[in-house]
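Listing of my_file.cif, mmCIF, C-alpha atoms
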```cif
data_upload
loop_
_atom_site.label_atom_id
_atom_site.label_comp_id
_atom_site.auth_asym_id
_atom_site.auth_seq_id
_atom_site.Cartn_x
_atom_site.Cartn_y
_atom_site.Cartn_z
CA MET V 8 -67.68 9.01 34.75
CA SER V 9 -70.99 7.32 34.25
CA LEU V 10 -74.08 8.57 36.05
CA ASP V 11 -77.17 6.40 36.34
CA PRO V 12 -79.66 7.82 33.78
CA SER V 13 -82.60 6.10 35.48
CA PHE V 14 -82.44 8.91 38.09
CA VAL V 15 -84.05 11.40 35.68
CA GLY V 16 -87.40 12.52 37.09
CA ARG V 17 -86.61 11.44 40.63
CA THR V 18 -87.74 13.82 43.37
CA TYR V 19 -86.51 13.91 46.95
CA PRO V 20 -88.37 14.55 50.21
CA PRO V 21 -88.66 18.21 51.35
CA THR V 22 -85.68 19.46 53.34
CA THR V 23 -85.76 20.72 56.91
CA PRO V 24 -86.77 24.42 56.83
CA TYR V 25 -83.90 26.94 56.45
CA GLN V 26 -84.36 30.03 58.65
CA VAL V 27 -83.26 33.13 56.74
CA GLY V 28 -81.63 35.47 59.25
CA ARG V 29 -81.28 39.23 58.88
CA GLU V 30 -77.58 39.10 59.79
CA LYS V 31 -76.96 36.31 57.26
CA ILE V 32 -78.41 38.47 54.48
CA ARG V 33 -76.30 41.43 55.64
CA GLU V 34 -73.19 39.24 55.78
CA PHE V 35 -73.84 37.84 52.29
CA ALA V 36 -74.55 41.30 50.85
CA THR V 37 -71.37 42.68 52.44
CA ALA V 38 -69.30 39.78 51.05
CA ILE V 39 -70.38 40.61 47.49
CA GLY V 40 -70.14 44.38 48.03
CA ALA V 41 -73.91 44.96 47.66
CA THR V 42 -74.51 48.23 49.49
CA ASP V 43 -78.16 48.92 48.61
CA PRO V 44 -79.86 49.83 51.91
CA ALA V 45 -82.65 47.28 51.27
CA HIS V 46 -80.10 44.48 51.91
CA HIS V 47 -79.09 45.98 55.26
CA ASP V 48 -81.78 48.21 56.72
CA PRO V 49 -85.26 46.79 57.47
CA GLN V 50 -86.77 50.29 57.15
CA ALA V 51 -85.40 50.64 53.60
CA ALA V 52 -86.75 47.18 52.74
CA ARG V 53 -90.18 48.05 54.16
CA ALA V 54 -90.25 51.18 52.02
CA LEU V 55 -90.08 48.81 49.01
CA GLY V 56 -92.94 46.72 50.40
CA HIS V 57 -90.91 43.88 51.96
CA PRO V 58 -91.30 42.71 55.56
CA ASP V 59 -87.53 42.71 56.26
CA VAL V 60 -84.13 43.00 54.53
CA VAL V 61 -84.03 41.66 50.95
CA ALA V 62 -81.47 39.03 49.89
CA PRO V 63 -79.34 39.60 46.76
CA PRO V 64 -80.41 37.51 43.73
CA THR V 65 -77.91 34.66 44.15
CA PHE V 66 -78.48 34.22 47.90
CA PRO V 67 -80.87 31.25 47.35
CA PHE V 68 -77.83 29.21 46.27
CA VAL V 69 -76.70 29.23 49.90
CA VAL V 70 -79.89 27.33 50.66
CA THR V 71 -79.88 25.00 47.64
CA MET V 72 -76.18 24.12 47.86
CA ALA V 73 -76.80 22.47 51.22
CA ALA V 74 -80.10 20.98 50.07
CA THR V 75 -78.76 19.33 46.91
CA GLN V 76 -76.20 17.39 48.95
CA GLN V 77 -78.98 14.81 49.30
CA ILE V 78 -78.62 14.20 45.55
CA VAL V 79 -74.85 14.52 45.25
CA ASP V 80 -74.34 12.19 48.22
CA ASP V 81 -76.74 9.54 46.87
CA PRO V 82 -74.33 6.61 46.35
CA ASP V 83 -76.58 4.98 43.74
CA LEU V 84 -76.35 8.01 41.42
CA GLY V 85 -72.55 7.79 41.35
CA VAL V 86 -71.33 11.40 41.65
CA ASP V 87 -67.64 11.73 42.59
CA TYR V 88 -67.84 15.16 44.25
CA SER V 89 -64.09 15.77 43.99
CA ARG V 90 -64.51 15.84 40.19
CA VAL V 91 -67.53 18.16 40.13
CA VAL V 92 -67.42 21.59 38.49
CA HIS V 93 -70.31 24.01 38.20
CA GLY V 94 -71.69 24.16 34.66
CA ASP V 95 -74.85 26.27 34.56
CA GLN V 96 -76.91 28.11 37.12
CA ARG V 97 -80.38 29.67 36.87
CA PHE V 98 -82.83 31.34 39.24
CA ALA V 99 -86.49 32.11 38.41
CA TYR V 100 -88.02 34.23 41.15
CA THR V 101 -91.61 34.54 42.29
CA ARG V 102 -90.36 37.05 44.84
CA PRO V 103 -87.02 37.85 46.50
CA VAL V 104 -85.94 35.99 49.62
CA VAL V 105 -86.33 38.17 52.74
CA ALA V 106 -85.18 37.84 56.33
CA GLY V 107 -87.65 35.85 58.39
CA ASP V 108 -88.41 33.42 55.56
CA GLU V 109 -88.57 29.77 56.50
CA LEU V 110 -87.57 28.00 53.29
CA VAL V 111 -88.14 24.40 52.26
CA CYS V 112 -86.41 22.84 49.24
CA VAL V 113 -87.79 20.07 47.06
CA ASN V 114 -85.07 18.68 44.81
CA ALA V 115 -85.65 16.93 41.52
CA ILE V 116 -83.27 15.47 38.97
CA GLU V 117 -84.16 17.00 35.64
CA ASP V 118 -81.47 15.52 33.44
CA VAL V 119 -78.60 13.05 33.59
CA THR V 120 -76.33 12.53 30.59
CA THR V 121 -72.86 11.26 29.87
CA ARG V 122 -71.03 12.84 26.95
CA GLY V 123 -67.39 12.77 25.95
CA GLY V 124 -66.51 10.92 29.12
CA HIS V 125 -68.06 13.59 31.35
CA GLY V 126 -71.24 13.28 33.37
CA PHE V 127 -73.84 16.08 33.37
CA LEU V 128 -76.40 16.36 36.15
CA THR V 129 -79.16 18.98 36.12
CA THR V 130 -81.04 19.51 39.35
CA ARG V 131 -84.15 21.63 39.90
CA THR V 132 -84.97 22.89 43.37
CA GLU V 133 -88.36 24.38 44.17
CA ILE V 134 -87.95 26.72 47.13
CA THR V 135 -91.16 27.52 48.97
CA THR V 136 -91.97 28.84 52.40
CA ALA V 137 -92.83 26.25 55.02
CA ALA V 138 -96.46 27.29 54.39
CA GLY V 139 -96.07 26.32 50.70
CA GLU V 140 -95.82 29.79 49.12
CA PRO V 141 -93.53 29.62 46.05
CA VAL V 142 -90.40 31.83 46.30
CA VAL V 143 -87.82 30.82 43.70
CA THR V 144 -86.96 27.91 41.41
CA VAL V 145 -83.26 27.10 41.12
CA TRP V 146 -81.56 25.01 38.43
CA SER V 147 -77.95 23.82 38.68
CA LYS V 148 -76.03 21.86 36.09
CA LEU V 149 -73.05 20.04 37.55
CA VAL V 150 -70.33 18.56 35.38
CA VAL V 151 -68.57 15.47 36.71
CA ARG V 152 -65.25 15.48 34.88
CA GLY V 153 -64.12 12.16 33.50
CA GLU V 154 -60.79 10.60 34.40
CA GLY V 155 -57.92 11.72 32.15
CA MET L 865 -78.91 49.90 24.19
CA GLU L 866 -75.64 49.28 26.03
CA LEU L 867 -75.42 49.64 29.79
CA PRO L 868 -72.36 51.22 31.43
CA THR L 869 -69.56 48.69 31.98
CA ARG L 870 -68.84 47.75 35.59
CA THR L 871 -65.49 46.55 36.89
CA PHE L 872 -65.13 44.48 40.06
CA ARG L 873 -61.77 43.87 41.73
CA VAL L 874 -61.44 40.40 43.27
CA THR L 875 -58.72 39.52 45.79
CA ARG L 876 -58.04 36.43 47.90
CA ALA L 877 -59.58 38.24 50.87
CA ASP L 878 -62.83 38.59 48.89
CA LEU L 879 -62.86 34.83 48.25
CA VAL L 880 -62.35 34.06 51.94
CA ARG L 881 -65.15 36.47 52.88
CA TYR L 882 -67.46 34.93 50.26
CA ALA L 883 -66.60 31.40 51.43
CA GLY L 884 -67.67 32.31 54.95
CA ALA L 885 -70.82 34.14 53.89
CA SER L 886 -71.96 31.45 51.43
CA GLY L 887 -70.83 28.34 53.29
CA ASP L 888 -68.83 27.12 50.26
CA PHE L 889 -65.47 26.16 51.77
CA ASN L 890 -64.14 24.18 48.80
CA PRO L 891 -60.35 24.58 49.23
CA ILE L 892 -59.77 25.28 45.50
CA HIS L 893 -61.04 28.79 46.39
CA TRP L 894 -58.40 29.45 49.06
CA SER L 895 -55.63 26.83 48.96
CA GLU L 896 -52.98 27.01 46.21
CA ARG L 897 -51.83 23.54 47.20
CA THR L 898 -55.29 22.00 46.67
CA ALA L 899 -56.01 23.99 43.51
CA THR L 900 -52.80 22.91 41.77
CA LYS L 901 -53.23 19.31 42.96
CA VAL L 902 -56.55 19.06 41.05
CA GLY L 903 -54.96 20.51 37.92
CA LEU L 904 -55.93 24.18 38.19
CA PRO L 905 -53.29 26.85 37.52
CA GLY L 906 -53.99 28.32 40.98
CA VAL L 907 -56.73 29.45 43.34
CA ILE L 908 -59.93 30.34 41.47
CA ALA L 909 -62.97 32.37 42.45
CA HIS L 910 -66.23 30.60 43.29
CA GLY L 911 -68.35 30.61 40.14
CA MET L 912 -71.20 31.76 42.36
CA PHE L 913 -69.09 34.71 43.52
CA THR L 914 -68.71 35.83 39.91
CA MET L 915 -72.45 35.28 39.40
CA ALA L 916 -73.14 37.33 42.55
CA LEU L 917 -70.99 40.25 41.32
CA VAL L 918 -72.74 40.18 37.96
CA GLY L 919 -76.06 40.05 39.83
CA ARG L 920 -74.98 43.20 41.67
CA ALA L 921 -74.35 44.91 38.35
CA VAL L 922 -77.81 43.82 37.18
CA THR L 923 -79.62 45.13 40.26
CA GLU L 924 -77.63 48.37 40.15
CA TRP L 925 -78.44 48.87 36.46
CA SER L 926 -82.12 48.19 37.14
CA GLY L 927 -82.12 50.60 40.07
CA ALA L 928 -83.90 48.22 42.45
CA PRO L 929 -82.50 45.43 44.66
CA ASP L 930 -85.66 43.33 44.18
CA ALA L 931 -86.11 43.77 40.42
CA VAL L 932 -84.60 40.52 39.10
CA VAL L 933 -87.18 37.94 38.02
CA ASP L 934 -84.91 35.54 36.10
CA TYR L 935 -81.14 35.20 36.04
CA SER L 936 -78.98 32.51 34.43
CA VAL L 937 -75.35 31.92 33.46
CA ARG L 938 -73.03 29.24 32.12
CA PHE L 939 -69.58 29.08 33.71
CA THR L 940 -67.06 28.76 30.88
CA ARG L 941 -63.66 29.64 32.32
CA PRO L 942 -62.30 29.91 35.87
CA VAL L 943 -61.37 33.31 37.33
CA LEU L 944 -57.79 32.98 38.61
CA VAL L 945 -57.10 35.11 41.66
CA PRO L 946 -53.39 35.65 42.40
CA ASP L 947 -52.13 35.92 45.98
CA ASP L 948 -51.29 39.64 45.92
CA ASP L 949 -52.94 42.94 46.81
CA GLU L 950 -54.19 43.61 43.27
CA GLY L 951 -55.94 40.28 42.73
CA THR L 952 -57.78 40.37 39.42
CA GLU L 953 -60.66 42.21 37.77
CA ILE L 954 -63.98 41.08 36.35
CA GLU L 955 -65.50 43.38 33.77
CA VAL L 956 -69.27 43.22 33.29
CA ALA L 957 -71.14 44.66 30.32
CA ALA L 958 -74.71 44.23 29.14
CA VAL L 959 -77.03 45.14 26.32
CA VAL L 960 -80.80 45.43 26.46
CA ARG L 961 -82.13 42.68 24.22
CA GLU L 962 -85.84 43.31 24.69
CA VAL L 963 -88.31 45.44 26.62
CA THR L 964 -91.67 43.72 26.89
CA GLU L 965 -95.08 45.37 27.06
CA ASP L 966 -95.63 44.07 30.57
CA GLY L 967 -92.62 45.97 31.92
CA LEU L 968 -89.84 43.40 31.75
CA THR L 969 -86.36 44.18 30.42
CA ARG L 970 -84.20 41.33 29.14
CA LEU L 971 -80.42 41.78 29.33
CA ASP L 972 -77.63 39.90 27.56
CA ILE L 973 -74.58 40.06 29.80
CA THR L 974 -70.86 39.67 29.13
CA ALA L 975 -68.35 38.99 31.92
CA THR L 976 -64.64 38.94 31.16
CA CYS L 977 -61.42 38.51 33.13
CA ARG L 978 -58.10 39.43 31.50
CA GLY L 979 -59.88 39.79 28.18
CA GLU L 980 -61.43 36.31 28.21
CA LYS L 981 -65.08 35.45 28.73
CA VAL L 982 -65.72 33.74 32.04
CA LEU L 983 -69.47 33.35 31.50
CA SER L 984 -71.56 32.55 28.46
CA GLN L 985 -75.31 32.67 27.90
CA ALA L 986 -75.53 35.11 30.83
CA ARG L 987 -79.03 36.58 30.84
CA ALA L 988 -81.21 38.44 33.26
CA THR L 989 -84.80 39.61 33.19
CA VAL L 990 -85.62 42.57 35.41
CA ARG L 991 -88.91 44.25 36.22
CA THR L 992 -88.74 47.87 35.18
CA ALA L 993 -92.36 48.95 35.44
CA GLY L 994 -93.54 51.21 38.24
#
```
What does the file become when written as structure tokens?
Amino acid sequence: MSLDPSFVGRTYPPTTPYQVGREKIREFATAIGATDPAHHDPQAARALGHPDVVAPPTFPFVVTMAATQQIVDDPDLGVDYSRVVHGDQRFAYTRPVVAGDELVCVNAIEDVTTRGGHGFLTTRTEITTAAGEPVVTVWSKLVVRGEG
Amino acid sequence: MELPTRTFRVTRADLVRYAGASGDFNPIHWSERTATKVGLPGVIAHGMFTMALVGRAVTEWSGAPDAVVDYSVRFTRPVLVPDDDEGTEIEVAAVVREVTEDGLTRLDITATCRGEKVLSQARATVRTAG
């Protein structure tokens, strides 16, 4: 699997805003067994100083997974998605995601390497509000397994 | 300092629920047929589901759902989830590596399934001041 190394440093246009819904946060929190009232009850979240229910730490991946399709689907880069496994994942938060956020992703390709027949693609996604307020930076390293 | 170990049971039903909640419908997380066809021993948990459970442990240890300022993992081994009522278990442990003067606590985290590490370089920084 050979990925085109000239893609390093490339950035993509901002994505269409993602509307963070209160029920989506509740559904996500329930799916991972997170019972803290701040994930479910707006009053509890307000008591912590947030405008609405607070998303668990890995929730932003729901937003970036869809957003980074614009990279993975780029035919010139050469990712065979059926051979992709998740290598590394990192989140650096300015603040937690809360219900009511309107989030925009700007994707960048931070690194592309091929080693031992496998391709490695590191993406960085800056998530901001539609007004430009920084929320969280998300890094994903995808491994494109070589044939055989 | 070591934090109390947490154990999370994971069944196929949990994977289906997580698929729906996260939007990740990759069939290797629910279809034995697809999983074995791509060379896996069976259905495996979403890596991000494991990361979410560990994130839960981190927020519960820190005592606040909004305390995490940095969180990173490397996925090293898949979590196999058998098609039975017991499923499998993920055990999560952590040690405090550093407490900074500005109120941040850095944790080194270990996550294992059936005695084998499923994550490496798992680290979280949580805000503990105030």
Residues matched by the PyMOL selection byres ((chain L) within 8 of (chain V)) as an MDAnalysis selection string:
chainID L and resid 878 881:882 885:887 911:913 915:917 919:920 929:930 932:940
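Atom CA of Cys977 of chain L lies 9.1 Å from atom CA of Pro942 of chain L.
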Evaluate the PyMOL selection byres ((chain V and resi 139) around 12) here and jot the selected residues down as a short mmCIF file (atom, residue, chain, number, x, y, z; two decimals) with C-alpha atoms, in the frame of the given file.
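expr-v3.cif, written as the output of this step:
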```cif
data_model
loop_
_atom_site.label_atom_id
_atom_site.label_comp_id
_atom_site.auth_asym_id
_atom_site.auth_seq_id
_atom_site.Cartn_x
_atom_site.Cartn_y
_atom_site.Cartn_z
CA PRO V 21 -88.66 18.21 51.35
CA PRO V 24 -86.77 24.42 56.83
CA ASP V 108 -88.41 33.42 55.56
CA GLU V 109 -88.57 29.77 56.50
CA LEU V 110 -87.57 28.00 53.29
CA VAL V 111 -88.14 24.40 52.26
CA CYS V 112 -86.41 22.84 49.24
CA VAL V 113 -87.79 20.07 47.06
CA GLU V 133 -88.36 24.38 44.17
CA ILE V 134 -87.95 26.72 47.13
CA THR V 135 -91.16 27.52 48.97
CA THR V 136 -91.97 28.84 52.40
CA ALA V 137 -92.83 26.25 55.02
CA ALA V 138 -96.46 27.29 54.39
CA GLU V 140 -95.82 29.79 49.12
CA PRO V 141 -93.53 29.62 46.05
CA VAL V 142 -90.40 31.83 46.30
CA VAL V 143 -87.82 30.82 43.70
#
```
Just give me the gap between atom CA of Leu904 of chain L and atom CA of Ala921 of chain L in Å, one decimal is fine.
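Rounded to one decimal, the two atoms are 27.7 Å apart.
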Could you tell me how far atom CA of Thr120 of chain V sits from atom CA of Pro12 of chain V, in Å to one decimal place?
6.6 Å
Suppose a student applies the PyMOL selection byres ((chain L and resi 962) around 12) to this structure; what residues should they get, written as a PDB file with C-alpha atoms, keeping the file's coordinate frame?
```pdb
ATOM      1  CA  MET L 865     -78.910  49.900  24.190  1.00  0.00           C
ATOM      2  CA  GLU L 866     -75.640  49.280  26.030  1.00  0.00           C
ATOM      3  CA  VAL L 959     -77.030  45.140  26.320  1.00  0.00           C
ATOM      4  CA  VAL L 960     -80.800  45.430  26.460  1.00  0.00           C
ATOM      5  CA  ARG L 961     -82.130  42.680  24.220  1.00  0.00           C
ATOM      6  CA  VAL L 963     -88.310  45.440  26.620  1.00  0.00           C
ATOM      7  CA  THR L 964     -91.670  43.720  26.890  1.00  0.00           C
ATOM      8  CA  GLU L 965     -95.080  45.370  27.060  1.00  0.00           C
ATOM      9  CA  ASP L 966     -95.630  44.070  30.570  1.00  0.00           C
ATOM     10  CA  GLY L 967     -92.620  45.970  31.920  1.00  0.00           C
ATOM     11  CA  LEU L 968     -89.840  43.400  31.750  1.00  0.00           C
ATOM     12  CA  THR L 969     -86.360  44.180  30.420  1.00  0.00           C
ATOM     13  CA  ARG L 970     -84.200  41.330  29.140  1.00  0.00           C
ATOM     14  CA  LEU L 971     -80.420  41.780  29.330  1.00  0.00           C
ATOM     15  CA  ASP L 972     -77.630  39.900  27.560  1.00  0.00           C
ATOM     16  CA  ARG L 987     -79.030  36.580  30.840  1.00  0.00           C
ATOM     17  CA  ALA L 988     -81.210  38.440  33.260  1.00  0.00           C
ATOM     18  CA  THR L 989     -84.800  39.610  33.190  1.00  0.00           C
ATOM     19  CA  VAL L 990     -85.620  42.570  35.410  1.00  0.00           C
ATOM     20  CA  ARG L 991     -88.910  44.250  36.220  1.00  0.00           C
ATOM     21  CA  THR L 992     -88.740  47.870  35.180  1.00  0.00           C
TER      22      THR L 992
END
```
9 Å contact set for Arg941 of chain L, only C-alpha atoms, chain neighbours under 4 positions out, as a PyMOL selection string
chain L and resi 980-983
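Neighbours of Ala909 of chain L closer than or equal to 9 Å, with all atoms listed in the file counted and sequence neighbours fewer than 2 positions away skipped, come out as Val874, Thr875, Arg876, Asp878, Leu879, Ile892, His893, Trp894, Val907, Gly911, Met912, Phe913, Thr914, Pro942, Val943, Leu944 and Val945 of chain L.
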Need the shell around Arg152 of chain V: protein/DNA/RNA residues with any atom at most 8 Å away, counting only C-alpha atoms. Skip same-chain ones fewer than 5 positions apart. Format as a PDB file with C-alpha atoms, in the frame of the given file?
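Saved to selection.pdb:
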```pdb
ATOM      1  CA  MET V   8     -67.680   9.010  34.750  1.00  0.00           C
ATOM      2  CA  ARG V  90     -64.510  15.840  40.190  1.00  0.00           C
ATOM      3  CA  VAL V  91     -67.530  18.160  40.130  1.00  0.00           C
ATOM      4  CA  VAL V  92     -67.420  21.590  38.490  1.00  0.00           C
ATOM      5  CA  GLY V 124     -66.510  10.920  29.120  1.00  0.00           C
ATOM      6  CA  HIS V 125     -68.060  13.590  31.350  1.00  0.00           C
ATOM      7  CA  GLY V 126     -71.240  13.280  33.370  1.00  0.00           C
TER       8      GLY V 126
END
```
Taking all atoms listed in the file into account, which of V:Arg17, V:Arg122, V:Arg29, V:Arg131 comes nearest Pro58 of chain V?
V:Arg29
Can you list, as a list in words, every protein, DNA or RNA residue that comes within 8 Å of Val956 of chain L when you count all atoms listed in the file, leaving out same-chain residues fewer than 5 positions away?
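Counting only the stated atoms, we get Thr869, Arg870, Thr871, Val918, Ala921, Ile973, Thr974, Ala975 and Thr976 of chain L.
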List the spatial neighbours of Pro82 of chain V as a ChimeraX atom specification - criterion: any atom at most 12 Å away, only C-alpha atoms, same-chain residues fewer than 6 positions off excluded.
/V:10-11,14,76,88
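Nearest-residue note for Ile116 of chain V: choosing from V:Ile78, V:Val60, V:Ala54, V:Val151, the minimum distance belongs to V:Ile78, counting all atoms listed in the file.
Closest approach to Thr129 of chain V among V:Asp83, V:Asp48, V:Asp59, V:Glu117 is made by V:Glu117 (distances from all atoms listed in the file).
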